[in-house]
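S.K.: The file below is protein-v2.txt, compact mmCIF, C-alpha atoms:
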# COMPACT_ATOMS: atom_id res chain seq x y z
CA MET W 1 -61.99 -64.47 150.08
CA TRP W 2 -65.47 -63.82 148.61
CA ALA W 3 -66.39 -67.51 148.45
CA GLY W 4 -65.28 -67.96 152.07
CA LEU W 5 -67.36 -65.00 153.29
CA VAL W 6 -70.44 -66.25 151.44
CA SER W 7 -69.98 -69.76 152.82
CA VAL W 8 -69.48 -68.58 156.42
CA THR W 9 -72.44 -66.20 156.21
CA LYS W 10 -74.78 -68.85 154.77
CA GLU W 11 -73.64 -71.25 157.49
CA ALA W 12 -74.33 -68.64 160.18
CA TYR W 13 -77.81 -68.07 158.74
CA THR W 14 -78.48 -71.82 158.68
CA VAL W 15 -77.45 -72.13 162.36
CA GLY W 16 -79.34 -68.97 163.41
CA LEU W 17 -82.56 -69.87 161.62
CA GLY W 18 -82.32 -73.37 163.09
CA THR W 19 -82.42 -71.84 166.57
CA GLY W 20 -85.32 -69.54 165.68
CA THR W 21 -83.37 -66.31 165.14
CA VAL W 22 -82.26 -64.33 162.12
CA PRO W 23 -78.62 -63.24 162.42
CA ARG W 24 -78.24 -59.48 162.75
CA PRO W 25 -76.69 -57.44 159.93
CA VAL W 26 -72.92 -57.88 159.88
CA ILE W 27 -70.05 -56.05 158.21
CA MET W 28 -66.79 -57.71 157.20
CA PRO W 29 -64.10 -55.20 156.11
CA PRO W 30 -60.72 -56.28 154.68
CA VAL W 31 -57.65 -54.03 154.57
CA ARG W 32 -55.15 -54.90 151.83
CA GLY W 33 -56.70 -58.35 151.49
CA GLU W 34 -56.63 -59.10 155.24
CA LEU W 35 -59.99 -59.45 157.01
CA VAL W 36 -60.29 -57.00 159.92
CA GLY W 37 -63.06 -58.99 161.55
CA LEU W 38 -66.82 -59.13 161.81
CA VAL W 39 -69.07 -56.59 163.47
CA TRP W 40 -72.76 -57.28 164.09
CA VAL W 41 -75.27 -54.49 164.58
CA ARG W 42 -76.08 -53.52 168.15
CA PRO W 43 -79.51 -54.30 169.62
CA ILE W 44 -81.85 -51.92 167.82
CA LYS W 45 -85.36 -50.56 168.28
CA VAL W 46 -87.77 -50.55 165.36
CA GLY W 47 -87.69 -47.36 163.31
CA GLU W 48 -85.11 -44.58 163.28
CA ASP W 49 -82.83 -46.36 165.75
CA ALA W 50 -82.59 -49.37 163.42
CA LEU W 51 -81.76 -47.14 160.45
CA THR W 52 -78.99 -45.47 162.46
CA GLY W 53 -77.67 -48.65 164.07
CA ILE W 54 -77.29 -50.46 160.76
CA ALA W 55 -75.75 -47.46 158.98
CA GLU W 56 -73.21 -47.05 161.80
CA LEU W 57 -71.65 -50.40 160.84
CA ALA W 58 -69.71 -48.29 158.33
CA ASN W 59 -67.69 -46.81 161.21
CA ILE W 60 -65.52 -49.92 161.57
CA ALA W 61 -64.63 -49.95 157.86
CA ALA W 62 -63.88 -46.22 157.89
CA ALA W 63 -61.76 -46.42 161.05
CA ALA W 64 -59.78 -49.39 159.72
CA GLY W 65 -59.14 -47.67 156.39
CA ALA W 66 -60.76 -50.63 154.61
CA ASP W 67 -60.34 -50.75 150.87
CA GLU W 68 -63.49 -52.84 150.58
CA PHE W 69 -66.16 -54.44 152.75
CA VAL W 70 -68.99 -56.93 152.67
CA LEU W 71 -72.21 -56.23 154.53
CA ALA W 72 -74.85 -58.97 154.96
CA TRP W 73 -78.50 -58.70 155.99
CA GLU W 74 -81.84 -60.45 155.61
CA THR W 75 -84.47 -58.70 153.47
CA HIS W 76 -87.51 -59.11 155.71
CA ASP W 77 -85.60 -58.58 158.96
CA VAL W 78 -84.13 -55.20 157.94
CA ALA W 79 -87.36 -54.04 156.27
CA THR W 80 -89.32 -54.81 159.45
CA ALA W 81 -86.74 -53.23 161.79
CA CYS W 82 -86.54 -50.05 159.70
CA ASN W 83 -90.26 -49.76 158.85
CA LEU W 84 -89.46 -50.09 155.13
CA PRO W 85 -91.36 -51.88 152.40
CA ILE W 86 -89.92 -55.26 151.46
CA ALA W 87 -87.84 -54.77 148.31
CA GLY W 88 -86.49 -57.76 146.45
CA PRO W 89 -86.85 -61.42 147.23
CA ALA W 90 -87.89 -62.46 150.74
CA PRO W 91 -86.75 -64.41 152.57
CA CYS W 92 -83.32 -63.62 151.23
CA LEU W 93 -79.78 -63.23 152.48
CA ASN W 94 -78.30 -60.13 150.85
CA MET W 95 -74.60 -59.38 150.65
CA VAL W 96 -73.17 -56.20 149.23
CA ALA W 97 -69.51 -56.09 148.27
CA ALA W 98 -68.38 -52.47 148.18
CA THR W 99 -65.28 -50.47 147.34
CA CYS W 100 -64.83 -46.73 147.02
CA ASP W 101 -65.54 -47.20 143.29
CA GLY W 102 -68.96 -48.81 143.71
CA HIS W 103 -70.83 -51.84 144.96
CA VAL W 104 -72.25 -55.14 143.80
CA LEU W 105 -75.40 -56.60 145.36
CA HIS W 106 -75.56 -60.39 145.70
CA GLN W 107 -78.81 -62.05 146.73
CA PHE W 108 -79.28 -65.57 148.06
CA PRO W 109 -83.01 -66.32 148.25
CA TYR W 110 -84.27 -69.26 150.23
CA THR W 111 -87.47 -70.89 151.37
CA GLU W 112 -87.98 -71.90 154.97
CA GLN W 113 -88.48 -75.54 155.90
CA LEU W 114 -90.14 -75.75 159.34
CA LEU W 115 -88.07 -77.78 161.81
CA SER W 116 -90.06 -77.13 165.01
CA ARG W 117 -92.22 -74.62 166.81
CA SER W 118 -91.76 -73.63 170.44
CA PRO W 119 -94.71 -73.44 172.87
CA GLU W 120 -94.42 -69.63 172.53
CA GLY W 121 -94.87 -69.89 168.75
CA TRP W 122 -91.24 -69.31 167.65
CA ALA W 123 -90.33 -71.31 164.58
CA SER W 124 -87.02 -73.00 163.95
CA VAL W 125 -86.46 -73.35 160.22
CA ALA W 126 -83.86 -74.63 157.80
CA PRO W 127 -83.14 -72.49 154.75
CA ASP W 128 -83.53 -74.25 151.41
CA TRP W 129 -81.19 -72.10 149.29
CA LYS W 130 -82.59 -71.28 145.85
CA PRO W 131 -80.55 -70.39 142.77
CA ALA W 132 -79.00 -66.94 143.21
CA PRO W 133 -79.82 -64.28 140.63
CA ALA W 134 -76.91 -62.69 138.80
CA PRO W 135 -74.87 -60.19 140.87
CA GLN W 136 -76.15 -56.63 140.44
CA PRO W 137 -73.41 -54.00 139.99
CA GLY W 138 -74.79 -50.78 141.50
CA GLY W 139 -77.91 -52.69 142.65
CA GLU W 140 -80.50 -50.78 144.63
CA LEU W 141 -79.88 -50.94 148.38
CA VAL W 142 -82.24 -50.25 151.28
CA PRO W 143 -81.54 -46.88 152.98
CA PRO W 144 -79.42 -47.98 155.98
CA ILE W 145 -77.23 -50.21 153.78
CA GLN W 146 -76.83 -47.44 151.19
CA THR W 147 -75.82 -45.05 153.96
CA ALA W 148 -73.20 -47.53 155.18
CA VAL W 149 -71.84 -47.83 151.62
CA ASN W 150 -71.74 -44.03 151.31
CA PHE W 151 -69.77 -43.49 154.53
CA ALA W 152 -67.59 -46.58 154.92
CA PHE W 153 -64.76 -45.03 152.93
CA THR W 154 -64.88 -41.61 154.59
CA PRO W 155 -61.94 -41.39 156.98
CA ILE W 156 -62.90 -41.00 160.62
CA GLU W 157 -61.34 -37.92 162.11
CA LEU W 158 -60.56 -38.53 165.75
CA ASP W 159 -57.94 -36.62 167.69
CA HIS W 160 -56.41 -39.80 169.06
CA PRO W 161 -53.28 -41.80 168.21
CA ASP W 162 -55.38 -44.95 167.60
CA PRO W 163 -58.66 -44.00 165.86
CA PHE W 164 -59.34 -47.65 164.99
CA GLY W 165 -58.95 -48.81 168.61
CA VAL W 166 -61.16 -45.98 169.88
CA THR W 167 -63.82 -46.81 167.29
CA VAL W 168 -63.80 -50.48 168.31
CA VAL W 169 -64.17 -49.57 172.00
CA LEU W 170 -66.97 -47.08 171.31
CA MET W 171 -68.84 -49.57 169.12
CA GLU W 172 -68.52 -52.28 171.78
CA GLU W 173 -69.78 -49.86 174.44
CA ASP W 174 -72.79 -49.11 172.20
CA GLY W 175 -73.59 -52.84 172.03
CA TYR W 176 -72.13 -53.82 168.66
CA ARG W 177 -70.66 -57.32 168.75
CA VAL W 178 -67.09 -57.00 167.51
CA HIS W 179 -64.91 -59.98 166.60
CA LEU W 180 -61.50 -58.92 165.27
CA THR W 181 -59.03 -61.22 163.54
CA GLU W 182 -55.64 -61.73 165.21
CA ALA W 183 -53.97 -59.24 162.87
CA PHE W 184 -56.28 -56.44 164.04
CA ASP W 185 -57.04 -57.46 167.62
CA ARG W 186 -55.99 -54.74 170.05
How does this structure look as structure tokens?

M.R.:
Amino acid sequence: MWAGLVSVTKEAYTVGLGTGTVPRPVIMPPVRGELVGLVWVRPIKVGEDALTGIAELANIAAAAGADEFVLAWETHDVATACNLPIAGPAPCLNMVAATCDGHVLHQFPYTEQLLSRSPEGWASVAPDWKPAPAPQPGGELVPPIQTAVNFAFTPIELDHPDPFGVTVVLMEEDGYRVHLTEAFDR
């Protein structure tokens, strides 16, 4: 499953960057080897709202009872949104694979090849993927990602017969883009 998630995420970044946008942080939680779906962060404002919005991605993993998850983000994009210093390679697609026993940080640095520039100054680029450094067990994570790792395996306590369904609805209402697989679709 890991190779598939990396491939799909790199493809999404290639498409997004080609249209002049960086894909938003996304979480992909499996339960017993079955992918629940993908959830992208809601529209966020720079600062505290971005820190909270990204960290809240953990809610879907917690509500699903995920035994692991993968969370992907772009170094510069998250640092800018959260008013954090840039840590690690940039530009870089980061993917953390986490379980309740720990996490492994995978980084996929790239350079940007300019494709075009809009009249407004927006650049469409193609990523030129560079060799990936070795995976980093327990690698240092930026604060909102670390918070998501810390809380993704904490059961959500909702007084409702379907805590997962309620969590999905609440996240959608908050603006998170939720795409569930058939096995978990409500």

S.K.: Work out how far apart CA of Val31 (chain W) and CA of Phe184 (chain W) are and give it in Å to one decimal.

M.R.: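 If I compute the distance from CA of Val31 (chain W) to CA of Phe184 (chain W), I get 9.9 Å.
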
S.K.: Counting all atoms listed in the file, what is within 8 Å of region 86-99 of chain W, bar same-chain residues fewer than 4 positions away, as number ranges by chain?

M.R.: W: 10, 67-76, 79, 103-112, 142, 149, 153

S.K.: Could you please take those selected residues and save C-alpha atoms as a PDB file, keeping the file's coordinate frame?

M.R.:
ATOM      1  CA  LYS W  10     -74.780 -68.850 154.770  1.00  0.00           C
ATOM      2  CA  ASP W  67     -60.340 -50.750 150.870  1.00  0.00           C
ATOM      3  CA  GLU W  68     -63.490 -52.840 150.580  1.00  0.00           C
ATOM      4  CA  PHE W  69     -66.160 -54.440 152.750  1.00  0.00           C
ATOM      5  CA  VAL W  70     -68.990 -56.930 152.670  1.00  0.00           C
ATOM      6  CA  LEU W  71     -72.210 -56.230 154.530  1.00  0.00           C
ATOM      7  CA  ALA W  72     -74.850 -58.970 154.960  1.00  0.00           C
ATOM      8  CA  TRP W  73     -78.500 -58.700 155.990  1.00  0.00           C
ATOM      9  CA  GLU W  74     -81.840 -60.450 155.610  1.00  0.00           C
ATOM     10  CA  THR W  75     -84.470 -58.700 153.470  1.00  0.00           C
ATOM     11  CA  HIS W  76     -87.510 -59.110 155.710  1.00  0.00           C
ATOM     12  CA  ALA W  79     -87.360 -54.040 156.270  1.00  0.00           C
ATOM     13  CA  HIS W 103     -70.830 -51.840 144.960  1.00  0.00           C
ATOM     14  CA  VAL W 104     -72.250 -55.140 143.800  1.00  0.00           C
ATOM     15  CA  LEU W 105     -75.400 -56.600 145.360  1.00  0.00           C
ATOM     16  CA  HIS W 106     -75.560 -60.390 145.700  1.00  0.00           C
ATOM     17  CA  GLN W 107     -78.810 -62.050 146.730  1.00  0.00           C
ATOM     18  CA  PHE W 108     -79.280 -65.570 148.060  1.00  0.00           C
ATOM     19  CA  PRO W 109     -83.010 -66.320 148.250  1.00  0.00           C
ATOM     20  CA  TYR W 110     -84.270 -69.260 150.230  1.00  0.00           C
ATOM     21  CA  THR W 111     -87.470 -70.890 151.370  1.00  0.00           C
ATOM     22  CA  GLU W 112     -87.980 -71.900 154.970  1.00  0.00           C
ATOM     23  CA  VAL W 142     -82.240 -50.250 151.280  1.00  0.00           C
ATOM     24  CA  VAL W 149     -71.840 -47.830 151.620  1.00  0.00           C
ATOM     25  CA  PHE W 153     -64.760 -45.030 152.930  1.00  0.00           C
TER      26      PHE W 153
END

S.K.: Pick out the closest residue to Gln146 (chain W) from this set: W:Ala64, W:Gly102, W:Val46, W:Val39. Count all atoms listed in the file.

M.R.: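 The closest residue to Gln146 (chain W) is W:Gly102.
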
S.K.: Distance cut-off 8 Å, centre (-61.1, -46.0, 158.6) in file coordinates, counting all atoms listed in the file: which residues qualify? Return them as a list in words.

M.R.: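 The answer, in the requested form, is Asn59, Ile60, Ala61, Ala62, Ala63, Ala64, Gly65, Ala66, Ala152, Phe153, Thr154, Pro155, Ile156, Pro163 and Phe164 of chain W.
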
S.K.: With all atoms listed in the file as the basis for distance, which of W:Val36, W:Ala134, W:Val78, W:Met1 is at the shortest distance from Arg24 (chain W)?

M.R.: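 The answer is W:Val78, which sits nearest to Arg24 (chain W).
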
S.K.: When you look at Gly16 (chain W) with a cut-off of 12 Å (counting all atoms listed in the file), what residues show up, excluding the ones that are within fewer than 4 positions of it in the same chain? I need them as a ChimeraX atom specification.

M.R.: /W:9-12,20-24,74,123-127

S.K.: If you measure from CA of Val26 (chain W) to CA of Leu158 (chain W), what distance in Å do you get, rounded to one decimal?

M.R.: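 Calculated distance between CA of Val26 (chain W) and CA of Leu158 (chain W) is 23.7 Å.
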